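Colleague: Have a look at the structure that comes next, please.
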Amino acid sequence: MKKLLLLGAEAIAQGAIDGGMSGVYAYPGTPSTEITEYVQKSKSAAERKIHSNWSANEKTAMETALGMSYAGKRAMVCMKHVGLNVAADAFINSAITGVNGGLIVTVADDPSMHSSQNEQDSRFYGKFAMIPVFEPVNQQEAYDMSREGFALSEKYKIPVLIRITTRLSHSRAGVETSDVLKQNTVSTPSDPVQFVLLPSNARKRYKILLENQAEFEKLSEDSVYNKYYEGKDKSLGIIACGISYNYLMENFKDRECDYPVLQIGHYPVPKKKIERLVDECDEILMLEEGYPMVEEQLRGLLNRGKKIKGRLDGTVPRDGELNPNIVAAALGYKKTTGLAIPSLVANRPPELCNGCSHRDIFNSLNESMKEYGKMRVFSDIGCYTLGALPPFNAINSCVDMGASITMAKGAADAGLVPAVAVIGDSTFAHSGITGLLDAVNENTPITVIIADNSTTGMTGGQDSSAYGKIESICKGIGVNPDHIKKLLPVPKKHNEMVDVIKEELKYNGVSVIIAERECIQTATRKKKVIKTETITV
Ligand SMILES: Cc1ncc(C[n+]2csc(CCOP(=O)(O)OP(=O)(O)O)c2C)c(N)n1
Ligand code: SF4
């Protein structure tokens, strides 16, 4: 047994390595990225030949992990919450096929939207798929759940969802590790049609999933992750899910709370334990990160029962992450104030790095668009989304990964011509290619600018799966080669860039402009690695 100081995300990775995982599949996204990065850097993962390359998107990651499970080995798939929307088709159906080797789906939610487009709650996806869900309270539980999740998954032949939120993912604590388990050998499913979801098979598989629900509820009732703490003051009973239990305990000296508390970390919810708390206490306070999922179940449709305080009656704010102060206010205690935030780390608006190639793209795009006016540039998600802010004010949308090309197409179909899409190389590979194919099939008049900085810049510079292949992908799906233009986005090429963009804006069909220059942060990091390697040698 070792003691390691780990981020919550790293504890999940270490738990999976020690739990006999053979492969992790993921697409980067805050706050989940560090799970895969940890496996990629881990010596023991390398020695055990654990697969850990990035996937093109969350759906391909989910399906590949399912394929590894089909072949009998233990696999994990990781993503941020919105990534689960992308993987949802495969994810929901994996609950119907079930698994062979253990399969864990780890999803990191981002309440308060520190770096996300929404704050959806992945526990709903677990409920929707009707599979067991773990939500760790701390880094140790993150490790344990990840290590043990594989056995649960294999026992019931079902994927297991682990849901964490930003603060747990990104904070460190000591973690005691357990024995390292052997990896499974290759084996195919004993039922030859288990993974064949033809309606006749799918109906049978769905019935098995339904029949297992009672067992999942029982497991949750007896789970070590759903703890009932006695309390002598029964005027209030508190239910705290995941990390919110820590926020609660920070309000009590020596973590001693007079109220009975039910800590939930394993779903479906433990009904009997909840019933006991509700029967014993006069009022209930519900603390959970994300949506009021358990609170809604407590209230039911008619809400005629005991007083339930939480996000739905305003005792706790309806949106955003929790913290000890919010919990203090909900308990009627005084707010505690910490030290003043030093100005060095105070909030400041995000901006593109000095020297970033996206700056040159927006400068030339803005000049080229002058004659057409504003509100014609559809963007995607990446560092270039900062082009929405001053001084550029260059883009008019950012919805979900891939939506730049498709929205530009829809707008052009409606008559807004020219319409421009701006998309990064990683996002293009993730989900831009199919939209471009739609446009090619109808020769829609759109100008697509692919801001190719050879990396996934926004999430810290992970490899981009279309690296070196963008031009050939565009040609391969049928973009007219005369309208695939390559540019070097540097200040001294400004006039040349403006000329090319202006020319393509006039073209009545699909044109693609690939603006290719490496992200300066990624380039600097690579140089540092090379230098360190030289010194070590
Ligand atoms: C479905 C989904 N998955 C992951 C993310 C996290 N994310 C935001 S932007 C981005 C990719 C950025 O790479 P790229 O398009 O190449 O642009 P760059 O940041 O390098 O300019 C990722 C992975 C997300 N927002 N949505
Ligand atoms: S990290 Fe790279 S892509 Fe992002 S703003 Fe900085 S230089 Fe540009």
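Residues are named by chain letter and number: chains run A, B, ... in the order of the structure tokens, numbers start at 1 in each chain, and ligands are numbered from 1 in the order shown.
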What residues in region 50-250 of chain A get the DSSP label helix (DSSP H, G or I)? Please answer as a PyMOL selection string.

Modeller: chain A and resi 58-70+81-97+123-129+139-156+166-169+199-221+244-249

Colleague: Dump C-alpha atoms for the selected residues as a CSV table (one decimal), in the first residue's frame?

Modeller:
chain,number,residue,atom,x,y,z
A,58,GLU,CA,-16.4,11.3,-27.0
A,59,LYS,CA,-18.6,9.0,-29.2
A,60,THR,CA,-15.6,7.3,-30.7
A,61,ALA,CA,-14.0,7.0,-27.3
A,62,MET,CA,-17.2,5.5,-25.8
A,63,GLU,CA,-17.6,3.0,-28.6
A,64,THR,CA,-13.9,2.0,-28.5
A,65,ALA,CA,-14.0,1.4,-24.8
A,66,LEU,CA,-17.1,-0.7,-25.3
A,67,GLY,CA,-15.2,-2.7,-27.9
A,68,MET,CA,-12.4,-3.4,-25.5
A,69,SER,CA,-15.0,-4.5,-22.9
A,70,TYR,CA,-16.6,-6.8,-25.6
A,81,HIS,CA,-20.3,16.6,-19.1
A,82,VAL,CA,-21.2,18.0,-22.5
A,83,GLY,CA,-19.1,15.2,-24.1
A,84,LEU,CA,-21.7,12.8,-22.8
A,85,ASN,CA,-24.2,14.5,-25.1
A,86,VAL,CA,-21.9,13.5,-28.0
A,87,ALA,CA,-21.4,10.0,-26.7
A,88,ALA,CA,-25.1,9.6,-25.6
A,89,ASP,CA,-26.2,7.2,-28.4
A,90,ALA,CA,-23.5,4.7,-27.6
A,91,PHE,CA,-23.7,5.3,-23.8
A,92,ILE,CA,-27.4,4.7,-23.5
A,93,ASN,CA,-27.2,1.6,-25.7
A,94,SER,CA,-24.3,0.2,-23.8
A,95,ALA,CA,-26.7,-0.2,-20.9
A,96,ILE,CA,-28.8,-2.4,-23.1
A,97,THR,CA,-25.9,-4.5,-24.6
A,123,ARG,CA,-26.4,11.9,-12.8
A,124,PHE,CA,-29.5,12.3,-15.0
A,125,TYR,CA,-27.7,10.4,-17.7
A,126,GLY,CA,-27.0,7.6,-15.3
A,127,LYS,CA,-30.7,7.5,-14.3
A,128,PHE,CA,-31.8,7.7,-17.9
A,129,ALA,CA,-29.5,4.8,-18.8
A,139,GLN,CA,-10.0,11.7,-3.6
A,140,GLN,CA,-9.8,8.5,-1.6
A,141,GLU,CA,-13.4,7.5,-2.7
A,142,ALA,CA,-12.5,8.6,-6.2
A,143,TYR,CA,-9.7,6.0,-6.2
A,144,ASP,CA,-11.7,3.3,-4.5
A,145,MET,CA,-14.8,3.7,-6.7
A,146,SER,CA,-12.7,3.6,-9.8
A,147,ARG,CA,-10.7,0.5,-8.7
A,148,GLU,CA,-13.8,-1.3,-7.5
A,149,GLY,CA,-16.2,-0.1,-10.2
A,150,PHE,CA,-14.8,-2.7,-12.7
A,151,ALA,CA,-15.7,-5.6,-10.4
A,152,LEU,CA,-19.3,-4.2,-10.0
A,153,SER,CA,-19.5,-3.7,-13.8
A,154,GLU,CA,-18.4,-7.3,-14.5
A,155,LYS,CA,-20.6,-8.8,-11.8
A,156,TYR,CA,-23.8,-7.2,-13.2
A,166,THR,CA,-14.8,20.5,-10.9
A,167,ARG,CA,-13.5,21.1,-7.3
A,168,LEU,CA,-13.0,17.5,-6.6
A,169,SER,CA,-11.3,16.9,-9.9
A,199,PRO,CA,-35.2,-5.2,-32.0
A,200,SER,CA,-35.8,-8.9,-31.0
A,201,ASN,CA,-32.6,-9.0,-29.0
A,202,ALA,CA,-32.8,-5.5,-27.8
A,203,ARG,CA,-36.2,-6.2,-26.2
A,204,LYS,CA,-34.7,-9.1,-24.3
A,205,ARG,CA,-31.7,-7.1,-23.2
A,206,TYR,CA,-33.9,-4.2,-22.1
A,207,LYS,CA,-35.9,-6.6,-19.9
A,208,ILE,CA,-32.7,-7.8,-18.3
A,209,LEU,CA,-31.8,-4.2,-17.6
A,210,LEU,CA,-35.2,-3.6,-16.0
A,211,GLU,CA,-35.0,-6.8,-14.0
A,212,ASN,CA,-31.6,-5.7,-12.6
A,213,GLN,CA,-33.1,-2.4,-11.2
A,214,ALA,CA,-34.2,-4.0,-7.9
A,215,GLU,CA,-30.7,-5.4,-7.5
A,216,PHE,CA,-29.1,-2.0,-8.2
A,217,GLU,CA,-31.4,-0.4,-5.6
A,218,LYS,CA,-30.4,-3.0,-3.0
A,219,LEU,CA,-26.7,-2.5,-3.8
A,220,SER,CA,-27.2,1.2,-3.2
A,221,GLU,CA,-29.1,0.6,0.0
A,244,SER,CA,-21.3,18.7,-0.9
A,245,TYR,CA,-20.8,16.5,2.2
A,246,ASN,CA,-17.4,18.2,2.6
A,247,TYR,CA,-18.8,21.6,2.3
A,248,LEU,CA,-21.3,20.7,5.0
A,249,MET,CA,-18.7,19.3,7.4

Colleague: Within 9 Å of ligand 2 (counting only C-alpha atoms and all ligand atoms), which residues show up? I'd like them as a PyMOL selection string.

Modeller: chain A and resi 351-359+382-384+386+453+455-461+518-523

Colleague: Now that the selection is made, can you save its residues with N, CA and C atoms as a CSV table (one decimal), in the first residue's frame?

Modeller:
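The file below, part36.csv, is the result:
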chain,number,residue,atom,x,y,z
A,351,GLU,N,-8.0,36.2,-22.7
A,351,GLU,CA,-7.7,36.8,-24.0
A,351,GLU,C,-6.8,35.8,-24.7
A,352,LEU,N,-6.7,36.0,-26.0
A,352,LEU,CA,-5.8,35.2,-26.8
A,352,LEU,C,-4.3,35.5,-26.4
A,353,CYS,N,-3.4,34.6,-26.4
A,353,CYS,CA,-2.0,34.9,-26.1
A,353,CYS,C,-1.5,35.8,-27.1
A,354,ASN,N,-0.5,36.6,-26.6
A,354,ASN,CA,0.2,37.5,-27.6
A,354,ASN,C,0.9,36.6,-28.6
A,355,GLY,N,0.8,36.9,-29.8
A,355,GLY,CA,1.5,36.1,-30.9
A,355,GLY,C,0.7,34.9,-31.3
A,356,CYS,N,-0.5,34.7,-30.8
A,356,CYS,CA,-1.4,33.6,-31.2
A,356,CYS,C,-1.8,33.8,-32.7
A,357,SER,N,-1.8,32.7,-33.4
A,357,SER,CA,-2.1,32.8,-34.9
A,357,SER,C,-3.6,33.2,-35.1
A,358,HIS,N,-4.5,32.9,-34.1
A,358,HIS,CA,-5.9,33.3,-34.2
A,358,HIS,C,-6.1,34.8,-34.3
A,359,ARG,N,-5.1,35.5,-33.7
A,359,ARG,CA,-5.2,37.0,-33.8
A,359,ARG,C,-5.1,37.4,-35.2
A,382,GLY,N,-13.1,26.7,-28.9
A,382,GLY,CA,-11.7,26.5,-28.9
A,382,GLY,C,-11.1,27.9,-28.4
A,383,CYS,N,-9.8,28.1,-28.4
A,383,CYS,CA,-9.3,29.4,-28.1
A,383,CYS,C,-9.8,30.5,-28.9
A,384,TYR,N,-10.1,30.1,-30.2
A,384,TYR,CA,-10.6,31.1,-31.2
A,384,TYR,C,-12.0,31.7,-30.8
A,386,LEU,N,-12.5,33.2,-28.3
A,386,LEU,CA,-12.2,34.5,-27.7
A,386,LEU,C,-12.3,35.6,-28.7
A,453,ASN,N,-3.9,25.1,-35.6
A,453,ASN,CA,-2.7,25.3,-34.8
A,453,ASN,C,-2.1,24.1,-34.3
A,455,THR,N,-3.0,21.6,-32.7
A,455,THR,CA,-3.1,21.1,-31.3
A,455,THR,C,-4.6,21.4,-30.8
A,456,THR,N,-4.9,20.8,-29.6
A,456,THR,CA,-6.1,21.2,-29.0
A,456,THR,C,-5.7,22.2,-27.9
A,457,GLY,N,-5.6,23.5,-28.3
A,457,GLY,CA,-5.0,24.5,-27.5
A,457,GLY,C,-5.8,24.8,-26.2
A,458,MET,N,-7.1,24.9,-26.3
A,458,MET,CA,-7.9,25.4,-25.2
A,458,MET,C,-7.8,24.4,-24.0
A,459,THR,N,-7.6,23.1,-24.2
A,459,THR,CA,-7.6,22.2,-23.1
A,459,THR,C,-6.2,21.9,-22.7
A,460,GLY,N,-5.2,22.6,-23.2
A,460,GLY,CA,-3.9,22.4,-22.7
A,460,GLY,C,-2.9,21.8,-23.7
A,461,GLY,N,-3.3,21.7,-24.9
A,461,GLY,CA,-2.3,21.3,-26.0
A,461,GLY,C,-2.2,19.8,-26.2
A,518,GLU,N,1.4,26.7,-35.7
A,518,GLU,CA,1.3,26.0,-34.5
A,518,GLU,C,1.1,27.0,-33.3
A,519,CYS,N,0.3,26.5,-32.4
A,519,CYS,CA,0.0,27.3,-31.1
A,519,CYS,C,1.3,27.5,-30.4
A,520,ILE,N,1.5,28.8,-30.0
A,520,ILE,CA,2.8,29.1,-29.5
A,520,ILE,C,3.1,28.5,-28.1
A,521,GLN,N,2.0,28.2,-27.4
A,521,GLN,CA,2.1,27.6,-26.1
A,521,GLN,C,2.6,26.1,-26.3
A,522,THR,N,2.0,25.4,-27.2
A,522,THR,CA,2.3,24.0,-27.5
A,522,THR,C,3.8,24.0,-28.0
A,523,ALA,N,4.1,24.9,-28.9
A,523,ALA,CA,5.5,24.9,-29.5
A,523,ALA,C,6.5,25.1,-28.3

Colleague: When you count only C-alpha atoms and all ligand atoms, which of these residues is closest to ligand 1: A:Arg163, A:Arg517, A:Lys335, A:Lys234?

Modeller: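 Using only C-alpha atoms and all ligand atoms, ligand 1 sits closest to A:Arg517.
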
Colleague: Excluding Asp179 (chain A) and residues on its chain fewer than 5 positions from it, collect all residues at most 9 Å away from it, counting only C-alpha atoms, and give them as a list in words.

Modeller: Met1, Asp18 and Gly19 of chain A

Colleague: Write a file of the just-selected residues containing N, CA, C and O atoms, as a compact mmCIF listing (two decimals), in the first residue's frame.

Modeller:
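Contents of out.txt, freshly written:
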# COMPACT_ATOMS: atom_id res chain seq x y z
N MET A 1 0.84 -1.20 0.00
CA MET A 1 0.00 0.00 0.00
C MET A 1 0.88 1.26 0.00
O MET A 1 1.85 1.33 0.73
N ASP A 18 -4.74 0.58 -11.10
CA ASP A 18 -4.60 -0.49 -10.09
C ASP A 18 -5.74 -1.50 -10.18
O ASP A 18 -5.61 -2.63 -9.70
N GLY A 19 -6.84 -1.09 -10.77
CA GLY A 19 -8.02 -1.97 -10.86
C GLY A 19 -7.97 -2.91 -12.06
O GLY A 19 -8.95 -3.58 -12.35

Colleague: With only C-alpha atoms as the basis for distance, which of A:Asn347, A:Ser22, A:Gln117, A:Asn508 is at the shortest distance from Ser397 (chain A)?

Modeller: A:Gln117
